[in-house]
Each structure stands twice: as C-alpha cells, then as structure tokens.
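Written out below as structure tokens is the structure these notes cover.
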Amino acid sequence: MTVTLTTIGILGAGQAGSTLARVAIAAGYDVVIANSRSPETLRALVDRLGPRARAASAADAAEAADFAVTAFPYRPGDRLPVEELAGKVVLDNNNYMPWRDGSYPEVDAGLKTIHELRQEQLPTSKVVKAFTHVQFHGRSPVRVPADLLPAVVRLARPAGAPDRTALVVSSDHPEAVRLVTRFYDDLGFDAVDNSPLSESWRSAPGTPMWNHHVDGQSREQLVQNLRRARRPVR
Ligand SMILES: NC(=O)c1ccc[n+]([C@@H]2O[C@H](COP(=O)([O-])OP(=O)(O)OC[C@H]3O[C@@H](n4cnc5c(N)ncnc54)[C@H](OP(=O)(O)O)[C@@H]3O)[C@@H](O)[C@H]2O)c1
C-alpha cells in the first residue's frame, strides 16, 4: 500500500519557513508551522496561508508531521523535539554562516558537515539537506516584475520544461532522498543526489554551485559544479 505524505511540520517561521509553507500549500500539502515562541505569535501568518495551515508549538508541529523541516540555524544547545521527530524524515535547510551563527571547529577543520551535526542532534530521525541554495526572497537587483517573487516561486517549472532548474539533496537515508526528490518535483525542480551528508560540504555557501543560488542551474550544471567544489578548510 502506498501512503501519501501530506502534512509538513515546519519548524521555523521566518523568511524560509513561511515561504516554504506557502509553496507547499500551493502544491497541495498541509502545513503545521512553529517558531521558537508560541503559536499565538503566528496568527497573522496562518491567516495569510489559509485553511491548509495551522500554527503549533514546535513539539506539536513535529508530532503532527508526516515529514518535517528545520528552517533555522544550527545551534548545539537547541532543545529540539527529538521524540516527536523519531523515525521521520527531517529536511534541514540551514546554511552554515559563521558570521551569523558563530564557528564550529569540526566543520571548519573539514571533519564534519553542519548537516551531520544536525543529524547528531536528531539521532533517531532521517536528516536530509534540502532547499539550502534556493532563495526564499526576491531577486536583487530587480530586472523584471517577476524578480519580486521568491526564487523558489520564480524559478519553479513543470517537469520536462527545458529551463527547469535543479536543487541538491544529501542524506545518509535513501528514503529521505526519495522523499525530497518527489517534493522538489512537486514544487517545480529537478533533484541532484549528493549523498551522504558527509559530502554535503560540496553545496555549502561559497562553492561553485552555491554561486548560482540567485538564478539557478540545470541538473547537468549542478552535477558539474558539485564536482568542481574544493573543501574549504578554515
Ligand atoms: N532566507 C533564505 O532565503 C534562505 C535560503 C536558504 C536557506 N536558508 C536557511 O534557512 C534558515 C532560516 O533562515 P530565515 O531567513 O528564514 O531566518 P529567520 O527569518 O531569522 O527565521 C528563523 C525562524 O526560525 C525560528 N526558530 C529558531 N529556532 C527555532 C527552534 N528551535 N524551533 C522552532 N523554530 C525556531 C525563529 O523563531 P522566532 O522568531 O520565534 O525566534 C524564526 O521563525 C537559516 O538556517 C538559513 O541559512 C534561508
């Protein structure tokens, strides 16, 4: 029997989480969204998102989720809903930005990726790097009116379109890669598998593929750009 996954628990309701909620709802998913405070603080957002969205605590969003998203920076001290996310696929869309998040020596030394650290934080979940190099905001500078749309909307194309772009996916769990590949497709993107998580440095900020995060890249270009990456060691 095929089980259709429909409810996404989105932990993080900022620019990334709220925009992902919008595009997921447009693609037919239900969304339960949380921030680090309380559901009441998200009333205006869920009103805008409409009846397929509701706000919850992070634990309740995790509990309700068929799969989940962590749309906030990695911090080692975070208390995440580990039990509620156990056994579930968790999309991690965080980018390691030392100027914003502080430095993590094992990442800087090239011993681990930031997504392996997230996997350690959620040891019973299936963590998968996704959506890290597509912008959830408009293009700057604006050239045409469509540039005002978030890139995740502006670049979306139906399957088979000649100008469809691709997004990267990395995980230690093949089931998570399959799920994200389907989800990307639903949202208008091809997928390139760059697993396992230990290889996900190839799509970190500053890498050749990363430099295309404004206007996207084809599947073939993305594969090439991942190959051209050199591991930054700070
Ligand atoms: N913005 C983009 O275009 C973009 C693109 C690709 C990747 N990303 C990545 O996406 C992540 C979020 O970026 P953003 O621009 O959306 O940041 P943001 O606007 O600052 O939003 C962060 C959100 O995460 C929530 N949050 C923080 N810790 C949480 C926790 N433990 N549980 C639940 N919610 C929590 C915050 O809630 P409170 O407001 O209550 O603190 C806030 O709603 C970053 O890691 C970024 O690197 C962003």
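Starting from 1 in every chain, residues are counted up; chains themselves are A, B, ... following the order of the structure tokens, and ligands are numbered from 1 as listed.
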Handout entry: strand (DSSP E or B) residues, from DSSP on the backbone, in region 158-216 of chain A, as a VMD selection string
Key = chain A and resid 166 to 171 190 to 193
Can you list every residue of chain A that has an atom at most 8 Å from ligand 1, with its nearest atom pair and the distance in Å to one decimal, using only C-alpha atoms and all ligand atoms, ordered by chain then number, as CSV?
residue,atom,partner,partner_atom_place_in_ligand_line,distance
A:Leu11,CA,ligand 1,33 (C),4.3
A:Gly12,CA,ligand 1,24 (O),3.4
A:Ala13,CA,ligand 1,43 (O),3.6
A:Gly14,CA,ligand 1,21 (O),3.3
A:Gln15,CA,ligand 1,16 (O),3.7
A:Ala16,CA,ligand 1,16 (O),3.6
A:Gly17,CA,ligand 1,16 (O),5.5
A:Ser18,CA,ligand 1,16 (O),7.4
A:Ala34,CA,ligand 1,33 (C),5.6
A:Asn35,CA,ligand 1,34 (N),3.6
A:Ser36,CA,ligand 1,40 (O),3.7
A:Arg37,CA,ligand 1,40 (O),4.5
A:Ser38,CA,ligand 1,40 (O),7.4
A:Ser57,CA,ligand 1,33 (C),8.0
A:Ala58,CA,ligand 1,33 (C),5.4
A:Thr70,CA,ligand 1,33 (C),7.3
A:Ala71,CA,ligand 1,11 (C),4.4
A:Phe72,CA,ligand 1,11 (C),3.9
A:Pro73,CA,ligand 1,45 (O),3.6
A:Tyr74,CA,ligand 1,45 (O),6.8
A:Asp78,CA,ligand 1,31 (N),5.8
A:Arg79,CA,ligand 1,31 (N),6.6
A:Leu80,CA,ligand 1,31 (N),5.9
A:Asn93,CA,ligand 1,7 (C),5.2
A:Asn94,CA,ligand 1,45 (O),3.2
A:Asn95,CA,ligand 1,47 (O),3.9
A:Tyr96,CA,ligand 1,47 (O),6.5
A:Met97,CA,ligand 1,47 (O),7.0
A:Phe131,CA,ligand 1,6 (C),6.0
A:Thr132,CA,ligand 1,6 (C),4.1
A:His133,CA,ligand 1,6 (C),5.3
A:Val134,CA,ligand 1,5 (C),5.5
A:Gln135,CA,ligand 1,3 (O),3.8
A:Phe136,CA,ligand 1,3 (O),3.7
A:His137,CA,ligand 1,3 (O),5.3
A:Pro150,CA,ligand 1,3 (O),8.0
Problem - Among the residues A:His173, A:Lys88, A:Arg75, A:Lys129, the one that comes closest to Arg100 (chain A) [using only C-alpha atoms] - result: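 Checking each of A:His173, A:Lys88, A:Arg75, A:Lys129 against Arg100 (chain A), counting only C-alpha atoms, the winner is A:Arg75.
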Closest atom pairs, residues of region 123-226 of chain A within 12 Å of region 103-113 of chain A, only C-alpha atoms, as a Markdown table:
| residue | atom | partner | partner_atom | distance |
| --- | --- | --- | --- | --- |
| A:Lys129 | CA | A:Thr113 | CA | 10.5 |
| A:Ser170 | CA | A:Thr113 | CA | 11.1 |
| A:Ser171 | CA | A:Thr113 | CA | 11.5 |
| A:Ser195 | CA | A:Thr113 | CA | 12.0 |
| A:Pro196 | CA | A:Thr113 | CA | 10.4 |
| A:Leu197 | CA | A:Thr113 | CA | 7.1 |
| A:Ser198 | CA | A:Thr113 | CA | 5.9 |
| A:Glu199 | CA | A:Thr113 | CA | 7.8 |
| A:Ser200 | CA | A:Thr113 | CA | 6.6 |
| A:Trp201 | CA | A:Thr113 | CA | 6.0 |
| A:Arg202 | CA | A:Thr113 | CA | 9.8 |
| A:Ser203 | CA | A:Thr113 | CA | 10.5 |
| A:Ala204 | CA | A:Thr113 | CA | 9.0 |
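Take the candidates A:Arg22, A:Arg118, A:Arg227, A:Lys126 and check each one against Gly50 (chain A) using only C-alpha atoms; the shortest distance goes to A:Arg22.
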Practice task
Rank nothing, just name the residue among A:Glu40, A:Glu83, A:Asp186, A:Asp92 nearest to Ile10 (chain A), using only C-alpha atoms.
Solution key: A:Asp92
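Distances to Val23 (chain A) were evaluated for A:Arg231, A:His212, A:Arg43, A:Arg52 using only C-alpha atoms, and the minimum falls at A:Arg52.
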Practice task
Using only C-alpha atoms, pick whichever of A:Asp147, A:Glu220, A:Asp172, A:Asp163 has the shortest atom-to-atom distance to Val90 (chain A).
Solution key: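 With only C-alpha atoms as the atom set, the closest residue is A:Asp172.
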Handout entry: Contact residues around region 176-185 of chain A with only C-alpha atoms at 10 Å, ignoring same-chain residues under 2 positions, as a ChimeraX atom specification
Key = /A:5,24,27,29,67,88-91,125-131,156-159,166-174,187-196
Output file for the selection above: C-alpha atoms, as a compact mmCIF listing (two decimals), in the first residue's frame:
# COMPACT_ATOMS: atom_id res chain seq x y z
CA LEU A 5 2.52 12.04 2.95
CA ALA A 24 4.00 23.62 -0.21
CA ALA A 27 1.40 22.24 -4.25
CA TYR A 29 0.33 19.86 1.17
CA PHE A 67 7.83 14.84 7.44
CA LYS A 88 10.67 10.83 10.45
CA VAL A 89 12.42 12.48 7.53
CA VAL A 90 13.64 15.94 8.57
CA LEU A 91 14.68 18.42 5.86
CA SER A 125 15.39 10.99 12.53
CA LYS A 126 16.39 10.80 8.86
CA VAL A 127 18.03 14.16 8.29
CA VAL A 128 18.35 15.39 4.71
CA LYS A 129 19.92 18.58 3.42
CA ALA A 130 17.42 20.36 1.17
CA PHE A 131 16.45 23.83 -0.11
CA ALA A 156 9.73 26.75 -10.49
CA ARG A 157 8.87 24.98 -13.76
CA PRO A 158 6.77 21.93 -14.69
CA ALA A 159 8.55 18.60 -15.15
CA ALA A 166 17.74 21.56 -10.14
CA LEU A 167 18.29 21.55 -6.41
CA VAL A 168 20.67 19.42 -4.39
CA VAL A 169 19.73 16.75 -1.85
CA SER A 170 22.06 14.93 0.58
CA SER A 171 21.28 12.34 3.23
CA ASP A 172 22.51 9.16 4.86
CA HIS A 173 19.00 7.76 4.33
CA PRO A 174 17.91 6.81 0.77
CA LEU A 187 7.42 22.30 -6.26
CA GLY A 188 8.89 22.61 -9.77
CA PHE A 189 12.51 21.46 -9.52
CA ASP A 190 14.72 18.55 -10.57
CA ALA A 191 16.94 16.90 -7.94
CA VAL A 192 20.62 16.01 -7.86
CA ASP A 193 21.61 13.49 -5.20
CA ASN A 194 24.84 14.47 -3.44
CA SER A 195 24.74 11.91 -0.62
CA PRO A 196 25.83 11.10 2.03
Problem - Neighbour list for Ala59 (chain A) as an MDAnalysis selection string, cut-off 7 Å, only C-alpha atoms, skip fewer than 2 positions in-chain - result: chainID A and resid 57 61:63 81 84
Those same residues, written as a PDB file, in the first residue's frame with N, CA and C atoms?
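Written out: part26.pdb:
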ATOM      1  N   SER A  57       3.025  24.587  18.624  1.00  0.00           N
ATOM      2  CA  SER A  57       4.358  24.587  19.236  1.00  0.00           C
ATOM      3  C   SER A  57       5.269  23.728  18.371  1.00  0.00           C
ATOM      4  N   ALA A  61       4.026  20.572  16.186  1.00  0.00           N
ATOM      5  CA  ALA A  61       4.235  20.541  14.731  1.00  0.00           C
ATOM      6  C   ALA A  61       5.021  19.288  14.348  1.00  0.00           C
ATOM      7  N   ALA A  62       6.016  18.952  15.169  1.00  0.00           N
ATOM      8  CA  ALA A  62       6.807  17.741  14.908  1.00  0.00           C
ATOM      9  C   ALA A  62       5.942  16.494  15.026  1.00  0.00           C
ATOM     10  N   GLU A  63       5.097  16.469  16.033  1.00  0.00           N
ATOM     11  CA  GLU A  63       4.206  15.323  16.264  1.00  0.00           C
ATOM     12  C   GLU A  63       3.235  15.135  15.095  1.00  0.00           C
ATOM     13  N   PRO A  81      12.535  18.787  19.353  1.00  0.00           N
ATOM     14  CA  PRO A  81      11.578  17.724  19.688  1.00  0.00           C
ATOM     15  C   PRO A  81      12.016  16.365  19.134  1.00  0.00           C
ATOM     16  N   GLU A  84       9.358  13.459  19.152  1.00  0.00           N
ATOM     17  CA  GLU A  84       8.261  13.652  18.184  1.00  0.00           C
ATOM     18  C   GLU A  84       8.744  13.490  16.745  1.00  0.00           C
TER      19      GLU A  84
END
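Across A:Leu45, A:Asp30, A:Leu20, A:Ala86, the tightest approach to Val69 (chain A) is made by A:Leu20 when counting only C-alpha atoms.
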Practice task
Would you please give, as a PyMOL selection string, all residues of region 65-183 of chain A that DSSP assigns to helix (DSSP H, G or I) based on the backbone?
Solution key: chain A and resi 98-101+105-108+114-121+145-148+151-154+174-183
Completion exercise
Atom pair CA of Val82 (chain A) + CA of Pro123 (chain A), distance 7.9 Å
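Interatomic distance, CA of His115 (chain A) against CA of Gly102 (chain A): 15.5 Å.
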